[in-house]
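Below: one structure, written as structure tokens.
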Amino acid sequence: MRPYKHQLSLKTIFILLIFSCFALFSNLNNCFASKRQEAKTIHFFGAFGNLYTFGSARVGGEKFEIGLLTHSFLGIASLINAGSVGYFSFGTGLDIAGSGGGIGIYAGAGVEFFSFWIVDLRCEMSAVSSWGNYTEGQILVGANLAF
Amino acid sequence: MKLQIFQILFISFVIQLLFIVEKAEGDVRIGTGLSTTTAGRMIPSLYLGLNLNHFALSLASVGVQNDLDYHTGHQLNLFMVSKPGDLLWGAIEGGIGLGVHHYQIGYRENLQDLGLEKKGVAAGPAMRVFWHMSSFLFIGLEAMYGLRGALFLFLSTQDSVFAIVGASF
């Protein structure tokens with residue numbers, strides 16, 4: 001059967017697949033290499049939270065982060081490497097959306113992997129609790145830009 | 001006579017175990033704090049934990065009751081833990097694992113009403129991060145993200161977070 005005008009032929013799909021697999025496998029070492037262990041001057045992290053709404057926006061250095069740690073918690077956190085791609089973070093900040101506001105603590109555990117150039121995929125289990133009756137846990141998925 | 005032989009064998013076996021088995025490093029924790037279980041209301045929770053080498057088990061409980069409603073929640077978490085670094089003067093302890101949360105809620109409009117009850121279980125990945133302020137005092141968060149079908153693909157989970165201030169012995 002003659003393929004439709006804009007339809008890719010099986011041969012073309014096969015060649016594209018072969019090349020994309022080759023490109024992926026040749027880059028695997030870089031993809032899963034830990035960039036977290038490397039010295040970084042500055043990094044930016046943006047993430048989605050619950051139902052892919054805004055989750056987090058942070059800027060930081062090698063061992064700290066500052067910004068909106070979750071969608072409603074402004075603070076500063078310390079980053080501690082764990083293993084080759086994992087990290088834990090712990091910090092303090094201000095609840096800016098809770099019923100009464102107030103200071104609180106933040107904790108996170110996550111992984112940073114699949115590096116392409118300066119962009120890493122980063123997933124985090126985060127939790128915050130503040131004195132103003134606000135306690136929440138969220139899973140964050142986002143991109144980390146490290147320079 | 002036969003019993004004595006068994007007793008001697010048993011004692012020698014225990015003595016050998018003491019020399020063979022690797023020394024376990026562990027501690028017991030007790031604490032209190034807040035939880036999402038009660039929508040963050042200022043209701044203290046009770047926290048009990050056990051750390052043994054690289055594993056940790058914790059049980060947290062929170063509850064409130066009055067004439068018209070009650071709410072109770074229990075959470076059991078199992079972690080693989082490590083102390084990867086320090087924050088200021090204290091060590092950070094992090095853990096990744098699995099957790100189960102059980103809750104029960106009861107509510108009635110007035111004292112004559114029989115009321116409604118609801119209970120459920122959530123299970124999923126869990127994490128903990130504690131900051132050890134001193135040799136025995138710690139503060140931190142323990143969270144469990146209950147998976148509900150395929151909703152986790154939308155990053156939606158039934159979270160249950162305990163903020164804990166406690167002591168380890």
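Labels used: A, B, ... for chains in the order of the structure tokens, numbers from 1 for residues in each chain, and numbers from 1 for ligands as shown.
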
Using only C-alpha atoms, what does the table of chain A residues within 12 Å of chain B look like, with each row giving the shortest atom pair and its distance in Å to one decimal, sorted by chain and ascending number, as JSON lines?
```
{"residue": "A:Ala47", "atom": "CA", "partner": "B:Leu155", "partner_atom": "CA", "distance": 11.1}
{"residue": "A:Phe48", "atom": "CA", "partner": "B:Leu155", "partner_atom": "CA", "distance": 8.3}
{"residue": "A:Gly49", "atom": "CA", "partner": "B:Leu155", "partner_atom": "CA", "distance": 6.3}
{"residue": "A:Asn50", "atom": "CA", "partner": "B:Leu155", "partner_atom": "CA", "distance": 5.0}
{"residue": "A:Leu51", "atom": "CA", "partner": "B:Phe154", "partner_atom": "CA", "distance": 4.9}
{"residue": "A:Tyr52", "atom": "CA", "partner": "B:Phe154", "partner_atom": "CA", "distance": 6.4}
{"residue": "A:Thr53", "atom": "CA", "partner": "B:Leu155", "partner_atom": "CA", "distance": 9.4}
{"residue": "A:Phe54", "atom": "CA", "partner": "B:Leu155", "partner_atom": "CA", "distance": 11.5}
{"residue": "A:Gly55", "atom": "CA", "partner": "B:Leu155", "partner_atom": "CA", "distance": 10.2}
{"residue": "A:Lys63", "atom": "CA", "partner": "B:Leu87", "partner_atom": "CA", "distance": 10.1}
{"residue": "A:Phe64", "atom": "CA", "partner": "B:Leu87", "partner_atom": "CA", "distance": 10.5}
{"residue": "A:Ala77", "atom": "CA", "partner": "B:Leu87", "partner_atom": "CA", "distance": 9.7}
{"residue": "A:Ser78", "atom": "CA", "partner": "B:Leu87", "partner_atom": "CA", "distance": 7.0}
{"residue": "A:Leu79", "atom": "CA", "partner": "B:Leu87", "partner_atom": "CA", "distance": 9.0}
{"residue": "A:Ile80", "atom": "CA", "partner": "B:Gly85", "partner_atom": "CA", "distance": 6.1}
{"residue": "A:Asn81", "atom": "CA", "partner": "B:Pro84", "partner_atom": "CA", "distance": 6.6}
{"residue": "A:Ala82", "atom": "CA", "partner": "B:Pro84", "partner_atom": "CA", "distance": 5.6}
{"residue": "A:Gly83", "atom": "CA", "partner": "B:Pro84", "partner_atom": "CA", "distance": 8.4}
{"residue": "A:Ser84", "atom": "CA", "partner": "B:Pro84", "partner_atom": "CA", "distance": 11.6}
{"residue": "A:Gly86", "atom": "CA", "partner": "B:Pro84", "partner_atom": "CA", "distance": 10.3}
{"residue": "A:Tyr87", "atom": "CA", "partner": "B:Pro84", "partner_atom": "CA", "distance": 8.6}
{"residue": "A:Phe88", "atom": "CA", "partner": "B:Gly94", "partner_atom": "CA", "distance": 6.3}
{"residue": "A:Ser89", "atom": "CA", "partner": "B:Val129", "partner_atom": "CA", "distance": 7.5}
{"residue": "A:Phe90", "atom": "CA", "partner": "B:Val129", "partner_atom": "CA", "distance": 6.9}
{"residue": "A:Gly91", "atom": "CA", "partner": "B:Leu87", "partner_atom": "CA", "distance": 9.2}
{"residue": "A:Thr92", "atom": "CA", "partner": "B:Gly140", "partner_atom": "CA", "distance": 10.7}
{"residue": "A:Gly98", "atom": "CA", "partner": "B:Gly40", "partner_atom": "CA", "distance": 9.7}
{"residue": "A:Ser99", "atom": "CA", "partner": "B:Gly40", "partner_atom": "CA", "distance": 10.0}
{"residue": "A:Gly100", "atom": "CA", "partner": "B:Arg41", "partner_atom": "CA", "distance": 11.1}
{"residue": "A:Gly104", "atom": "CA", "partner": "B:Ala163", "partner_atom": "CA", "distance": 9.7}
{"residue": "A:Ile105", "atom": "CA", "partner": "B:Gly140", "partner_atom": "CA", "distance": 7.7}
{"residue": "A:Tyr106", "atom": "CA", "partner": "B:Leu141", "partner_atom": "CA", "distance": 7.6}
{"residue": "A:Ala107", "atom": "CA", "partner": "B:Val129", "partner_atom": "CA", "distance": 5.9}
{"residue": "A:Gly108", "atom": "CA", "partner": "B:Val129", "partner_atom": "CA", "distance": 7.1}
{"residue": "A:Ala109", "atom": "CA", "partner": "B:Met127", "partner_atom": "CA", "distance": 6.6}
{"residue": "A:Gly110", "atom": "CA", "partner": "B:Ile96", "partner_atom": "CA", "distance": 9.3}
{"residue": "A:Val111", "atom": "CA", "partner": "B:Ile96", "partner_atom": "CA", "distance": 11.3}
{"residue": "A:Cys123", "atom": "CA", "partner": "B:Leu155", "partner_atom": "CA", "distance": 10.6}
{"residue": "A:Glu124", "atom": "CA", "partner": "B:Met127", "partner_atom": "CA", "distance": 10.0}
{"residue": "A:Met125", "atom": "CA", "partner": "B:Met127", "partner_atom": "CA", "distance": 7.1}
{"residue": "A:Ser126", "atom": "CA", "partner": "B:Ala143", "partner_atom": "CA", "distance": 8.1}
{"residue": "A:Ala127", "atom": "CA", "partner": "B:Ala143", "partner_atom": "CA", "distance": 6.6}
{"residue": "A:Val128", "atom": "CA", "partner": "B:Leu141", "partner_atom": "CA", "distance": 7.5}
{"residue": "A:Ser129", "atom": "CA", "partner": "B:Ala163", "partner_atom": "CA", "distance": 6.3}
{"residue": "A:Ser130", "atom": "CA", "partner": "B:Gly40", "partner_atom": "CA", "distance": 8.8}
{"residue": "A:Trp131", "atom": "CA", "partner": "B:Met42", "partner_atom": "CA", "distance": 8.5}
{"residue": "A:Gly132", "atom": "CA", "partner": "B:Gly40", "partner_atom": "CA", "distance": 8.5}
{"residue": "A:Asn133", "atom": "CA", "partner": "B:Gly40", "partner_atom": "CA", "distance": 4.8}
{"residue": "A:Tyr134", "atom": "CA", "partner": "B:Gly40", "partner_atom": "CA", "distance": 5.2}
{"residue": "A:Thr135", "atom": "CA", "partner": "B:Gly40", "partner_atom": "CA", "distance": 5.3}
{"residue": "A:Glu136", "atom": "CA", "partner": "B:Thr36", "partner_atom": "CA", "distance": 6.3}
{"residue": "A:Gly137", "atom": "CA", "partner": "B:Asp159", "partner_atom": "CA", "distance": 5.4}
{"residue": "A:Gln138", "atom": "CA", "partner": "B:Asp159", "partner_atom": "CA", "distance": 7.1}
{"residue": "A:Ile139", "atom": "CA", "partner": "B:Leu155", "partner_atom": "CA", "distance": 6.0}
{"residue": "A:Leu140", "atom": "CA", "partner": "B:Leu155", "partner_atom": "CA", "distance": 7.3}
{"residue": "A:Val141", "atom": "CA", "partner": "B:Leu155", "partner_atom": "CA", "distance": 8.1}
{"residue": "A:Gly142", "atom": "CA", "partner": "B:Leu155", "partner_atom": "CA", "distance": 11.4}
```

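Excluding range 109-117 of chain B and any residue on its chain fewer than 6 positions from it, the residues at most 9 Å away by only C-alpha atoms are Asp67, Leu68 and Asp69 of chain B.
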
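Look at Asp27 in chain B: the protein and nucleic acid residues within 10 Å of it, using only C-alpha atoms and passing over chain neighbours fewer than 4 places away, are Gly49, Leu50, Asn51, Leu52, Asn53, Ala56, Phe136, Ala167, Ser168 and Phe169 of chain B.
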
Restrict the selected residues to all heavy atoms and save them as an mmCIF file, in the first residue's frame.
```
data_model
loop_
_atom_site.group_PDB
_atom_site.id
_atom_site.type_symbol
_atom_site.label_atom_id
_atom_site.label_comp_id
_atom_site.auth_asym_id
_atom_site.auth_seq_id
_atom_site.Cartn_x
_atom_site.Cartn_y
_atom_site.Cartn_z
ATOM 1 N N GLY B 49 9.564 6.422 67.422
ATOM 2 C CA GLY B 49 10.422 5.935 66.345
ATOM 3 C C GLY B 49 11.498 5.003 66.844
ATOM 4 O O GLY B 49 11.864 5.024 68.023
ATOM 5 N N LEU B 50 11.973 4.192 65.935
ATOM 6 C CA LEU B 50 13.055 3.257 66.260
ATOM 7 C C LEU B 50 14.044 3.259 65.108
ATOM 8 O O LEU B 50 13.660 3.017 63.963
ATOM 9 C CB LEU B 50 12.487 1.848 66.462
ATOM 10 C CG LEU B 50 13.498 0.745 66.739
ATOM 11 C CD1 LEU B 50 14.122 0.913 68.121
ATOM 12 C CD2 LEU B 50 12.840 -0.621 66.635
ATOM 13 N N ASN B 51 15.279 3.579 65.384
ATOM 14 C CA ASN B 51 16.335 3.539 64.371
ATOM 15 C C ASN B 51 17.258 2.373 64.651
ATOM 16 O O ASN B 51 17.697 2.185 65.788
ATOM 17 C CB ASN B 51 17.152 4.832 64.411
ATOM 18 C CG ASN B 51 16.611 5.874 63.477
ATOM 19 O OD1 ASN B 51 15.398 5.987 63.337
ATOM 20 N ND2 ASN B 51 17.475 6.615 62.831
ATOM 21 N N LEU B 52 17.541 1.587 63.620
ATOM 22 C CA LEU B 52 18.447 0.454 63.785
ATOM 23 C C LEU B 52 19.349 0.399 62.560
ATOM 24 O O LEU B 52 18.874 0.138 61.453
ATOM 25 C CB LEU B 52 17.638 -0.837 63.916
ATOM 26 C CG LEU B 52 18.294 -1.997 64.631
ATOM 27 C CD1 LEU B 52 18.690 -1.629 66.053
ATOM 28 C CD2 LEU B 52 17.366 -3.199 64.645
ATOM 29 N N ASN B 53 20.603 0.682 62.764
ATOM 30 C CA ASN B 53 21.560 0.770 61.660
ATOM 31 C C ASN B 53 21.023 1.699 60.561
ATOM 32 O O ASN B 53 20.794 2.857 60.823
ATOM 33 C CB ASN B 53 21.890 -0.612 61.118
ATOM 34 C CG ASN B 53 22.742 -1.394 62.110
ATOM 35 O OD1 ASN B 53 23.382 -0.823 62.967
ATOM 36 N ND2 ASN B 53 22.726 -2.698 61.989
ATOM 37 N N ALA B 56 14.791 2.573 59.741
ATOM 38 C CA ALA B 56 14.030 3.262 60.785
ATOM 39 C C ALA B 56 12.552 2.941 60.629
ATOM 40 O O ALA B 56 12.041 2.826 59.512
ATOM 41 C CB ALA B 56 14.246 4.765 60.686
ATOM 42 N N PHE B 136 20.639 14.785 71.576
ATOM 43 C CA PHE B 136 19.405 14.016 71.708
ATOM 44 C C PHE B 136 18.153 14.742 71.208
ATOM 45 O O PHE B 136 17.132 14.112 70.985
ATOM 46 C CB PHE B 136 19.212 13.554 73.161
ATOM 47 C CG PHE B 136 18.891 14.657 74.121
ATOM 48 C CD1 PHE B 136 17.595 14.903 74.512
ATOM 49 C CD2 PHE B 136 19.906 15.451 74.629
ATOM 50 C CE1 PHE B 136 17.296 15.923 75.394
ATOM 51 C CE2 PHE B 136 19.619 16.478 75.505
ATOM 52 C CZ PHE B 136 18.326 16.715 75.898
ATOM 53 N N ALA B 167 12.983 13.771 70.997
ATOM 54 C CA ALA B 167 14.264 13.413 71.615
ATOM 55 C C ALA B 167 14.588 11.971 71.273
ATOM 56 O O ALA B 167 13.695 11.134 71.157
ATOM 57 C CB ALA B 167 14.171 13.585 73.128
ATOM 58 N N SER B 168 15.867 11.698 71.077
ATOM 59 C CA SER B 168 16.299 10.328 70.800
ATOM 60 C C SER B 168 17.164 9.832 71.955
ATOM 61 O O SER B 168 17.942 10.591 72.540
ATOM 62 C CB SER B 168 17.059 10.267 69.488
ATOM 63 O OG SER B 168 18.165 11.134 69.517
ATOM 64 N N PHE B 169 17.007 8.563 72.276
ATOM 65 C CA PHE B 169 17.743 7.982 73.408
ATOM 66 C C PHE B 169 18.562 6.782 72.942
ATOM 67 O O PHE B 169 18.113 6.017 72.109
ATOM 68 C CB PHE B 169 16.761 7.517 74.487
ATOM 69 C CG PHE B 169 15.822 8.612 74.929
ATOM 70 C CD1 PHE B 169 14.560 8.725 74.374
ATOM 71 C CD2 PHE B 169 16.219 9.526 75.877
ATOM 72 C CE1 PHE B 169 13.686 9.725 74.763
ATOM 73 C CE2 PHE B 169 15.348 10.538 76.270
ATOM 74 C CZ PHE B 169 14.085 10.634 75.717
#
```

As a PDB file with N, CA, C and O atoms, in the first residue's frame, please: every residue in range 90-129 of chain A that DSSP puts in strand (DSSP E).
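To be explicit, this is the file written out as states_25.pdb:
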```
ATOM      1  N   PHE A  90      16.775  20.907  54.008  1.00  0.00           N
ATOM      2  CA  PHE A  90      16.080  21.297  55.236  1.00  0.00           C
ATOM      3  C   PHE A  90      16.250  22.795  55.410  1.00  0.00           C
ATOM      4  O   PHE A  90      17.346  23.328  55.222  1.00  0.00           O
ATOM      5  N   GLY A  91      15.150  23.468  55.747  1.00  0.00           N
ATOM      6  CA  GLY A  91      15.256  24.907  55.881  1.00  0.00           C
ATOM      7  C   GLY A  91      14.117  25.504  56.662  1.00  0.00           C
ATOM      8  O   GLY A  91      13.285  24.798  57.236  1.00  0.00           O
ATOM      9  N   THR A  92      14.111  26.810  56.632  1.00  0.00           N
ATOM     10  CA  THR A  92      13.084  27.528  57.365  1.00  0.00           C
ATOM     11  C   THR A  92      12.538  28.658  56.489  1.00  0.00           C
ATOM     12  O   THR A  92      13.170  29.020  55.494  1.00  0.00           O
ATOM     13  N   GLY A  93      11.387  29.169  56.863  1.00  0.00           N
ATOM     14  CA  GLY A  93      10.810  30.230  56.046  1.00  0.00           C
ATOM     15  C   GLY A  93       9.499  30.724  56.598  1.00  0.00           C
ATOM     16  O   GLY A  93       9.181  30.521  57.774  1.00  0.00           O
ATOM     17  N   LEU A  94       8.766  31.355  55.714  1.00  0.00           N
ATOM     18  CA  LEU A  94       7.523  32.026  56.089  1.00  0.00           C
ATOM     19  C   LEU A  94       6.387  31.515  55.225  1.00  0.00           C
ATOM     20  O   LEU A  94       6.491  31.498  54.000  1.00  0.00           O
ATOM     21  N   ASP A  95       5.333  31.100  55.891  1.00  0.00           N
ATOM     22  CA  ASP A  95       4.128  30.688  55.177  1.00  0.00           C
ATOM     23  C   ASP A  95       3.386  31.939  54.727  1.00  0.00           C
ATOM     24  O   ASP A  95       2.992  32.768  55.548  1.00  0.00           O
ATOM     25  N   GLY A 102       2.931  32.827  59.324  1.00  0.00           N
ATOM     26  CA  GLY A 102       3.842  32.439  60.389  1.00  0.00           C
ATOM     27  C   GLY A 102       5.054  31.698  59.898  1.00  0.00           C
ATOM     28  O   GLY A 102       5.113  31.233  58.765  1.00  0.00           O
ATOM     29  N   ILE A 103       6.031  31.607  60.792  1.00  0.00           N
ATOM     30  CA  ILE A 103       7.273  30.936  60.421  1.00  0.00           C
ATOM     31  C   ILE A 103       7.081  29.426  60.459  1.00  0.00           C
ATOM     32  O   ILE A 103       6.181  28.926  61.137  1.00  0.00           O
ATOM     33  N   GLY A 104       7.926  28.742  59.738  1.00  0.00           N
ATOM     34  CA  GLY A 104       7.797  27.293  59.704  1.00  0.00           C
ATOM     35  C   GLY A 104       9.067  26.625  59.218  1.00  0.00           C
ATOM     36  O   GLY A 104      10.093  27.283  59.030  1.00  0.00           O
ATOM     37  N   ILE A 105       8.966  25.336  59.030  1.00  0.00           N
ATOM     38  CA  ILE A 105      10.118  24.582  58.541  1.00  0.00           C
ATOM     39  C   ILE A 105       9.745  23.863  57.250  1.00  0.00           C
ATOM     40  O   ILE A 105       8.579  23.560  57.002  1.00  0.00           O
ATOM     41  N   TYR A 106      10.774  23.606  56.475  1.00  0.00           N
ATOM     42  CA  TYR A 106      10.602  22.928  55.186  1.00  0.00           C
ATOM     43  C   TYR A 106      11.586  21.755  55.126  1.00  0.00           C
ATOM     44  O   TYR A 106      12.701  21.848  55.648  1.00  0.00           O
ATOM     45  N   ALA A 107      11.171  20.671  54.507  1.00  0.00           N
ATOM     46  CA  ALA A 107      12.079  19.539  54.302  1.00  0.00           C
ATOM     47  C   ALA A 107      11.792  18.933  52.937  1.00  0.00           C
ATOM     48  O   ALA A 107      10.639  18.935  52.478  1.00  0.00           O
ATOM     49  N   GLY A 108      12.822  18.438  52.317  1.00  0.00           N
ATOM     50  CA  GLY A 108      12.639  17.817  51.007  1.00  0.00           C
ATOM     51  C   GLY A 108      13.629  16.704  50.780  1.00  0.00           C
ATOM     52  O   GLY A 108      14.735  16.716  51.321  1.00  0.00           O
ATOM     53  N   ALA A 109      13.196  15.734  49.989  1.00  0.00           N
ATOM     54  CA  ALA A 109      14.080  14.644  49.581  1.00  0.00           C
ATOM     55  C   ALA A 109      13.856  14.438  48.096  1.00  0.00           C
ATOM     56  O   ALA A 109      12.717  14.321  47.647  1.00  0.00           O
ATOM     57  N   GLY A 110      14.928  14.409  47.335  1.00  0.00           N
ATOM     58  CA  GLY A 110      14.721  14.324  45.900  1.00  0.00           C
ATOM     59  C   GLY A 110      15.880  13.747  45.140  1.00  0.00           C
ATOM     60  O   GLY A 110      16.899  13.358  45.715  1.00  0.00           O
ATOM     61  N   VAL A 111      15.673  13.684  43.848  1.00  0.00           N
ATOM     62  CA  VAL A 111      16.721  13.221  42.934  1.00  0.00           C
ATOM     63  C   VAL A 111      16.839  14.204  41.781  1.00  0.00           C
ATOM     64  O   VAL A 111      15.863  14.859  41.406  1.00  0.00           O
ATOM     65  N   GLU A 112      18.055  14.275  41.265  1.00  0.00           N
ATOM     66  CA  GLU A 112      18.319  15.156  40.132  1.00  0.00           C
ATOM     67  C   GLU A 112      19.084  14.323  39.123  1.00  0.00           C
ATOM     68  O   GLU A 112      20.155  13.807  39.419  1.00  0.00           O
ATOM     69  N   PHE A 113      18.527  14.165  37.936  1.00  0.00           N
ATOM     70  CA  PHE A 113      19.143  13.250  36.978  1.00  0.00           C
ATOM     71  C   PHE A 113      18.778  13.664  35.555  1.00  0.00           C
ATOM     72  O   PHE A 113      18.131  14.682  35.337  1.00  0.00           O
ATOM     73  N   PHE A 114      19.193  12.846  34.616  1.00  0.00           N
ATOM     74  CA  PHE A 114      18.879  13.033  33.211  1.00  0.00           C
ATOM     75  C   PHE A 114      19.318  14.418  32.737  1.00  0.00           C
ATOM     76  O   PHE A 114      18.509  15.257  32.356  1.00  0.00           O
ATOM     77  N   SER A 115      20.619  14.628  32.789  1.00  0.00           N
ATOM     78  CA  SER A 115      21.157  15.934  32.442  1.00  0.00           C
ATOM     79  C   SER A 115      21.314  16.110  30.937  1.00  0.00           C
ATOM     80  O   SER A 115      21.841  15.234  30.260  1.00  0.00           O
ATOM     81  N   PHE A 116      20.846  17.205  30.471  1.00  0.00           N
ATOM     82  CA  PHE A 116      21.096  17.614  29.096  1.00  0.00           C
ATOM     83  C   PHE A 116      21.658  19.022  29.147  1.00  0.00           C
ATOM     84  O   PHE A 116      20.965  19.946  29.564  1.00  0.00           O
ATOM     85  N   VAL A 119      20.615  21.567  31.805  1.00  0.00           N
ATOM     86  CA  VAL A 119      19.284  21.297  32.357  1.00  0.00           C
ATOM     87  C   VAL A 119      19.214  19.890  32.940  1.00  0.00           C
ATOM     88  O   VAL A 119      19.588  18.930  32.285  1.00  0.00           O
ATOM     89  N   ASP A 120      18.776  19.788  34.176  1.00  0.00           N
ATOM     90  CA  ASP A 120      18.561  18.483  34.818  1.00  0.00           C
ATOM     91  C   ASP A 120      17.076  18.333  35.133  1.00  0.00           C
ATOM     92  O   ASP A 120      16.403  19.314  35.447  1.00  0.00           O
ATOM     93  N   LEU A 121      16.623  17.095  35.075  1.00  0.00           N
ATOM     94  CA  LEU A 121      15.272  16.814  35.546  1.00  0.00           C
ATOM     95  C   LEU A 121      15.370  16.583  37.052  1.00  0.00           C
ATOM     96  O   LEU A 121      16.284  15.895  37.520  1.00  0.00           O
ATOM     97  N   ARG A 122      14.464  17.156  37.784  1.00  0.00           N
ATOM     98  CA  ARG A 122      14.546  17.069  39.246  1.00  0.00           C
ATOM     99  C   ARG A 122      13.178  16.739  39.832  1.00  0.00           C
ATOM    100  O   ARG A 122      12.189  17.398  39.493  1.00  0.00           O
ATOM    101  N   CYS A 123      13.119  15.733  40.672  1.00  0.00           N
ATOM    102  CA  CYS A 123      11.878  15.340  41.343  1.00  0.00           C
ATOM    103  C   CYS A 123      12.092  15.412  42.848  1.00  0.00           C
ATOM    104  O   CYS A 123      13.139  14.988  43.339  1.00  0.00           O
ATOM    105  N   GLU A 124      11.113  15.900  43.546  1.00  0.00           N
ATOM    106  CA  GLU A 124      11.298  16.099  44.989  1.00  0.00           C
ATOM    107  C   GLU A 124      10.019  15.801  45.745  1.00  0.00           C
ATOM    108  O   GLU A 124       8.919  16.152  45.299  1.00  0.00           O
ATOM    109  N   MET A 125      10.181  15.149  46.875  1.00  0.00           N
ATOM    110  CA  MET A 125       9.079  15.023  47.834  1.00  0.00           C
ATOM    111  C   MET A 125       9.309  16.114  48.875  1.00  0.00           C
ATOM    112  O   MET A 125      10.320  16.068  49.583  1.00  0.00           O
ATOM    113  N   SER A 126       8.427  17.079  48.918  1.00  0.00           N
ATOM    114  CA  SER A 126       8.645  18.197  49.833  1.00  0.00           C
ATOM    115  C   SER A 126       7.531  18.272  50.868  1.00  0.00           C
ATOM    116  O   SER A 126       6.415  17.796  50.634  1.00  0.00           O
ATOM    117  N   ALA A 127       7.857  18.861  51.978  1.00  0.00           N
ATOM    118  CA  ALA A 127       6.862  19.039  53.044  1.00  0.00           C
ATOM    119  C   ALA A 127       7.175  20.317  53.804  1.00  0.00           C
ATOM    120  O   ALA A 127       8.354  20.660  53.985  1.00  0.00           O
ATOM    121  N   VAL A 128       6.123  21.015  54.194  1.00  0.00           N
ATOM    122  CA  VAL A 128       6.304  22.212  55.010  1.00  0.00           C
ATOM    123  C   VAL A 128       5.304  22.197  56.162  1.00  0.00           C
ATOM    124  O   VAL A 128       4.245  21.582  56.075  1.00  0.00           O
ATOM    125  N   SER A 129       5.691  22.868  57.208  1.00  0.00           N
ATOM    126  CA  SER A 129       4.784  23.037  58.344  1.00  0.00           C
ATOM    127  C   SER A 129       5.075  24.371  58.992  1.00  0.00           C
ATOM    128  O   SER A 129       6.236  24.709  59.227  1.00  0.00           O
TER     129      SER A 129
END
```
